[in-house]
$ cat my_file.cif   # mmCIF, C-alpha atoms
data_run
loop_
_atom_site.group_PDB
_atom_site.id
_atom_site.type_symbol
_atom_site.label_atom_id
_atom_site.label_comp_id
_atom_site.auth_asym_id
_atom_site.auth_seq_id
_atom_site.Cartn_x
_atom_site.Cartn_y
_atom_site.Cartn_z
ATOM 1 C CA MET A 1 0.000 0.000 0.000
ATOM 2 C CA ARG A 2 2.828 2.402 0.832
ATOM 3 C CA GLY A 3 4.443 1.713 -2.541
ATOM 4 C CA LYS A 4 1.242 2.549 -4.368
ATOM 5 C CA LEU A 5 0.820 5.750 -2.383
ATOM 6 C CA GLY A 6 4.405 6.755 -3.178
ATOM 7 C CA LEU A 7 3.837 6.054 -6.858
ATOM 8 C CA VAL A 8 0.696 8.189 -6.931
ATOM 9 C CA ILE A 9 2.457 11.035 -5.113
ATOM 10 C CA GLY A 10 5.430 10.790 -7.478
ATOM 11 C CA LEU A 11 3.210 10.836 -10.549
ATOM 12 C CA GLY A 12 1.282 13.784 -9.178
ATOM 13 C CA ALA A 13 4.442 15.746 -8.426
ATOM 14 C CA GLY A 14 5.826 14.945 -11.863
ATOM 15 C CA TYR A 15 2.618 16.121 -13.497
ATOM 16 C CA VAL A 16 2.549 19.388 -11.543
ATOM 17 C CA LEU A 17 6.211 20.137 -12.198
ATOM 18 C CA GLY A 18 5.860 19.158 -15.823
ATOM 19 C CA THR A 19 2.884 21.421 -16.413
ATOM 20 C CA ARG A 20 4.654 24.319 -14.733
ATOM 21 C CA ALA A 21 7.718 23.929 -16.924
ATOM 22 C CA GLY A 22 5.566 23.937 -20.017
ATOM 23 C CA ARG A 23 5.942 22.471 -23.456
ATOM 24 C CA ALA A 24 8.916 24.659 -24.433
ATOM 25 C CA ARG A 25 11.029 23.390 -21.535
ATOM 26 C CA TYR A 26 9.986 19.813 -22.308
ATOM 27 C CA GLU A 27 11.129 20.211 -25.911
ATOM 28 C CA GLN A 28 14.425 21.724 -24.735
ATOM 29 C CA ILE A 29 15.085 18.789 -22.391
ATOM 30 C CA LYS A 30 14.089 16.302 -25.076
ATOM 31 C CA ASP A 31 16.443 17.910 -27.620
ATOM 32 C CA ARG A 32 19.350 17.855 -25.152
ATOM 33 C CA ALA A 33 18.701 14.208 -24.340
ATOM 34 C CA GLN A 34 18.663 13.382 -28.060
ATOM 35 C CA GLU A 35 21.978 15.210 -28.546
ATOM 36 C CA VAL A 36 23.575 13.208 -25.739
ATOM 37 C CA TRP A 37 22.156 9.956 -27.119
ATOM 38 C CA GLU A 38 23.678 10.658 -30.543
ATOM 39 C CA LEU A 39 27.204 11.184 -29.188
ATOM 40 C CA PRO A 40 29.613 8.572 -30.577
ATOM 41 C CA VAL A 41 30.799 7.614 -27.083
ATOM 42 C CA VAL A 42 27.246 6.949 -25.924
ATOM 43 C CA GLN A 43 26.420 4.976 -29.062
ATOM 44 C CA ALA A 44 29.562 2.850 -28.650
ATOM 45 C CA GLN A 45 28.602 1.973 -25.081
ATOM 46 C CA ALA A 46 25.005 1.289 -26.085
ATOM 47 C CA ALA A 47 26.227 -1.094 -28.782
ATOM 48 C CA LYS A 48 28.406 -2.942 -26.248
ATOM 49 C CA VAL A 49 25.515 -3.296 -23.822
ATOM 50 C CA SER A 50 23.193 -4.467 -26.575
ATOM 51 C CA LYS A 51 25.689 -7.071 -27.761
ATOM 52 C CA LEU A 52 26.227 -8.365 -24.218
ATOM 53 C CA ALA A 53 22.499 -8.530 -23.548
ATOM 54 C CA LYS A 54 21.843 -10.441 -26.766
ATOM 55 C CA SER A 55 24.615 -12.958 -26.161
ATOM 56 C CA SER A 56 23.558 -13.492 -22.536
ATOM 57 C CA ALA A 57 19.912 -13.802 -23.477
ATOM 58 C CA LEU A 58 20.749 -16.453 -26.052
ATOM 59 C CA ALA A 59 23.210 -18.392 -23.894
ATOM 60 C CA ALA A 60 21.402 -18.498 -20.556
ATOM 61 C CA PRO A 61 18.412 -20.718 -21.480
ATOM 62 C CA ARG A 62 20.627 -23.303 -23.174
ATOM 63 C CA VAL A 63 23.047 -23.416 -20.257
ATOM 64 C CA ALA A 64 20.183 -23.619 -17.738
ATOM 65 C CA TRP A 65 18.565 -26.471 -19.677
ATOM 66 C CA ASN A 66 21.831 -28.404 -19.837
ATOM 67 C CA GLY A 67 22.288 -27.882 -16.096
ATOM 68 C CA ALA A 68 18.783 -29.152 -15.389
ATOM 69 C CA ILE A 69 19.474 -32.285 -17.429
ATOM 70 C CA LYS A 70 22.679 -32.930 -15.463
ATOM 71 C CA VAL A 71 20.831 -32.515 -12.145
ATOM 72 C CA VAL A 72 18.134 -34.999 -13.196
ATOM 73 C CA LYS A 73 20.723 -37.516 -14.376
ATOM 74 C CA ALA A 74 22.618 -37.186 -11.095
ATOM 75 C CA ALA A 75 19.424 -37.664 -9.091
ATOM 76 C CA THR A 76 18.470 -40.813 -11.004
ATOM 77 C CA THR A 77 21.815 -42.640 -10.889
ATOM 78 C CA SER A 78 22.289 -45.785 -8.868
ATOM 79 C CA GLY A 79 23.166 -45.531 -5.215
ATOM 80 C CA THR A 80 21.500 -44.769 -1.955
ATOM 81 C CA PRO A 81 19.021 -41.906 -1.734
ATOM 82 C CA GLY A 82 21.599 -39.875 0.181
ATOM 83 C CA GLN A 83 24.223 -40.424 -2.513
ATOM 84 C CA ARG A 84 21.780 -39.423 -5.225
ATOM 85 C CA LEU A 85 20.825 -36.308 -3.279
ATOM 86 C CA ASP A 86 24.472 -35.348 -2.806
ATOM 87 C CA ALA A 87 25.175 -35.872 -6.514
ATOM 88 C CA ALA A 88 22.143 -33.774 -7.472
ATOM 89 C CA LEU A 89 23.179 -30.983 -5.101
ATOM 90 C CA ASP A 90 26.716 -30.981 -6.517
ATOM 91 C CA GLU A 91 25.346 -30.745 -10.049
ATOM 92 C CA THR A 92 22.980 -27.967 -8.983
ATOM 93 C CA GLY A 93 25.899 -25.895 -7.712
ATOM 94 C CA ASP A 94 27.782 -26.488 -10.944
ATOM 95 C CA ALA A 95 24.708 -25.546 -12.986
ATOM 96 C CA VAL A 96 24.285 -22.302 -11.056
ATOM 97 C CA ASP A 97 27.934 -21.431 -11.677
ATOM 98 C CA ASP A 98 27.506 -22.212 -15.378
ATOM 99 C CA VAL A 99 24.456 -19.926 -15.670
ATOM 100 C CA LYS A 100 26.262 -17.143 -13.838
ATOM 101 C CA GLY A 101 29.198 -17.530 -16.190
ATOM 102 C CA ALA A 102 26.949 -17.498 -19.252
ATOM 103 C CA THR A 103 25.207 -14.312 -18.181
ATOM 104 C CA GLY A 104 28.400 -12.595 -17.069
ATOM 105 C CA LYS A 105 27.110 -12.196 -13.529
ATOM 106 C CA ALA A 106 29.889 -12.038 -10.969
ATOM 107 C CA GLU A 107 29.355 -13.598 -7.597
ATOM 108 C CA GLY A 108 29.233 -11.099 -4.824
#
$ encode --input "my_file.cif" --output "structure tokens"
Amino acid sequence: MRGKLGLVIGLGAGYVLGTRAGRARYEQIKDRAQEVWELPVVQAQAAKVSKLAKSSALAAPRVAWNGAIKVVKAATTSGTPGQRLDAALDETGDAVDDVKGATGKAEG
């Protein structure tokens, strides 16, 4: 409930401030933002982020699926239930590390 109230207050404040600034100020801010966006440095960084996001988005599901298969295989091998559980837990940890590596997420 508090989050919703904060959102409503924020939207209201934004509306009031926006209407006070007027259309001319809005256009000025929009033009400045467009100028910054078109800078070669900004475009180079945006391209890097886009490339990383695409490669991570493509790699993560495949790596997660392969990890899930390994966990199931470990859980269904021969041995006592405790041994199968331990093997599945070991594979789960490896699968998590593999997904983190595929998405470029550092542990921390």
$ residues_around --input "my_file.cif" --residues "segment 85-98 of chain A" --least-positions-apart "3" --cutoff "10 Å" --atoms "only C-alpha atoms" --output "list of chain:residue names"
A:Ala60, A:Val63, A:Ala64, A:Trp65, A:Asn66, A:Gly67, A:Ala68, A:Ile69, A:Lys70, A:Val71, A:Val72, A:Lys73, A:Ala74, A:Ala75, A:Thr76, A:Thr77, A:Gly79, A:Thr80, A:Pro81, A:Gly82, A:Gly101, A:Ala102, A:Thr103, A:Gly104, A:Lys105, A:Ala106, A:Glu107
$ axis_aligned_box --input "my_file.cif" --around "segment 91-99 of chain A" --padding-each-side "3 Å" --output "JSON"
{"center_x": 25.5, "center_y": -25.3, "center_z": -11.7, "size_x": 11.0, "size_y": 16.8, "size_z": 14.0}
$ atom_distance --input "my_file.cif" --atom1 "atom CA of Ala59 of chain A" --atom2 "atom CA of Val99 of chain A"
8.5 Å
$ atom_distance --input "my_file.cif" --atom1 "atom CA of Val49 of chain A" --atom2 "atom CA of Ile29 of chain A"
24.5 Å
$ atom_distance --input "my_file.cif" --atom1 "atom CA of Glu35 of chain A" --atom2 "atom CA of Gly14 of chain A"
23.2 Å
$ decode --input "my_file.cif" --residues "segment 13-90 of chain A" --atoms "C-alpha atoms" --output "mmCIF file, in the first residue's frame"
data_model
loop_
_atom_site.group_PDB
_atom_site.id
_atom_site.type_symbol
_atom_site.label_atom_id
_atom_site.label_comp_id
_atom_site.auth_asym_id
_atom_site.auth_seq_id
_atom_site.Cartn_x
_atom_site.Cartn_y
_atom_site.Cartn_z
ATOM 1 C CA ALA A 13 4.442 15.746 -8.426
ATOM 2 C CA GLY A 14 5.826 14.945 -11.863
ATOM 3 C CA TYR A 15 2.618 16.121 -13.497
ATOM 4 C CA VAL A 16 2.549 19.388 -11.543
ATOM 5 C CA LEU A 17 6.211 20.137 -12.198
ATOM 6 C CA GLY A 18 5.860 19.158 -15.823
ATOM 7 C CA THR A 19 2.884 21.421 -16.413
ATOM 8 C CA ARG A 20 4.654 24.319 -14.733
ATOM 9 C CA ALA A 21 7.718 23.929 -16.924
ATOM 10 C CA GLY A 22 5.566 23.937 -20.017
ATOM 11 C CA ARG A 23 5.942 22.471 -23.456
ATOM 12 C CA ALA A 24 8.916 24.659 -24.433
ATOM 13 C CA ARG A 25 11.029 23.390 -21.535
ATOM 14 C CA TYR A 26 9.986 19.813 -22.308
ATOM 15 C CA GLU A 27 11.129 20.211 -25.911
ATOM 16 C CA GLN A 28 14.425 21.724 -24.735
ATOM 17 C CA ILE A 29 15.085 18.789 -22.391
ATOM 18 C CA LYS A 30 14.089 16.302 -25.076
ATOM 19 C CA ASP A 31 16.443 17.910 -27.620
ATOM 20 C CA ARG A 32 19.350 17.855 -25.152
ATOM 21 C CA ALA A 33 18.701 14.208 -24.340
ATOM 22 C CA GLN A 34 18.663 13.382 -28.060
ATOM 23 C CA GLU A 35 21.978 15.210 -28.546
ATOM 24 C CA VAL A 36 23.575 13.208 -25.739
ATOM 25 C CA TRP A 37 22.156 9.956 -27.119
ATOM 26 C CA GLU A 38 23.678 10.658 -30.543
ATOM 27 C CA LEU A 39 27.204 11.184 -29.188
ATOM 28 C CA PRO A 40 29.613 8.572 -30.577
ATOM 29 C CA VAL A 41 30.799 7.614 -27.083
ATOM 30 C CA VAL A 42 27.246 6.949 -25.924
ATOM 31 C CA GLN A 43 26.420 4.976 -29.062
ATOM 32 C CA ALA A 44 29.562 2.850 -28.650
ATOM 33 C CA GLN A 45 28.602 1.973 -25.081
ATOM 34 C CA ALA A 46 25.005 1.289 -26.085
ATOM 35 C CA ALA A 47 26.227 -1.094 -28.782
ATOM 36 C CA LYS A 48 28.406 -2.942 -26.248
ATOM 37 C CA VAL A 49 25.515 -3.296 -23.822
ATOM 38 C CA SER A 50 23.193 -4.467 -26.575
ATOM 39 C CA LYS A 51 25.689 -7.071 -27.761
ATOM 40 C CA LEU A 52 26.227 -8.365 -24.218
ATOM 41 C CA ALA A 53 22.499 -8.530 -23.548
ATOM 42 C CA LYS A 54 21.843 -10.441 -26.766
ATOM 43 C CA SER A 55 24.615 -12.958 -26.161
ATOM 44 C CA SER A 56 23.558 -13.492 -22.536
ATOM 45 C CA ALA A 57 19.912 -13.802 -23.477
ATOM 46 C CA LEU A 58 20.749 -16.453 -26.052
ATOM 47 C CA ALA A 59 23.210 -18.392 -23.894
ATOM 48 C CA ALA A 60 21.402 -18.498 -20.556
ATOM 49 C CA PRO A 61 18.412 -20.718 -21.480
ATOM 50 C CA ARG A 62 20.627 -23.303 -23.174
ATOM 51 C CA VAL A 63 23.047 -23.416 -20.257
ATOM 52 C CA ALA A 64 20.183 -23.619 -17.738
ATOM 53 C CA TRP A 65 18.565 -26.471 -19.677
ATOM 54 C CA ASN A 66 21.831 -28.404 -19.837
ATOM 55 C CA GLY A 67 22.288 -27.882 -16.096
ATOM 56 C CA ALA A 68 18.783 -29.152 -15.389
ATOM 57 C CA ILE A 69 19.474 -32.285 -17.429
ATOM 58 C CA LYS A 70 22.679 -32.930 -15.463
ATOM 59 C CA VAL A 71 20.831 -32.515 -12.145
ATOM 60 C CA VAL A 72 18.134 -34.999 -13.196
ATOM 61 C CA LYS A 73 20.723 -37.516 -14.376
ATOM 62 C CA ALA A 74 22.618 -37.186 -11.095
ATOM 63 C CA ALA A 75 19.424 -37.664 -9.091
ATOM 64 C CA THR A 76 18.470 -40.813 -11.004
ATOM 65 C CA THR A 77 21.815 -42.640 -10.889
ATOM 66 C CA SER A 78 22.289 -45.785 -8.868
ATOM 67 C CA GLY A 79 23.166 -45.531 -5.215
ATOM 68 C CA THR A 80 21.500 -44.769 -1.955
ATOM 69 C CA PRO A 81 19.021 -41.906 -1.734
ATOM 70 C CA GLY A 82 21.599 -39.875 0.181
ATOM 71 C CA GLN A 83 24.223 -40.424 -2.513
ATOM 72 C CA ARG A 84 21.780 -39.423 -5.225
ATOM 73 C CA LEU A 85 20.825 -36.308 -3.279
ATOM 74 C CA ASP A 86 24.472 -35.348 -2.806
ATOM 75 C CA ALA A 87 25.175 -35.872 -6.514
ATOM 76 C CA ALA A 88 22.143 -33.774 -7.472
ATOM 77 C CA LEU A 89 23.179 -30.983 -5.101
ATOM 78 C CA ASP A 90 26.716 -30.981 -6.517
#
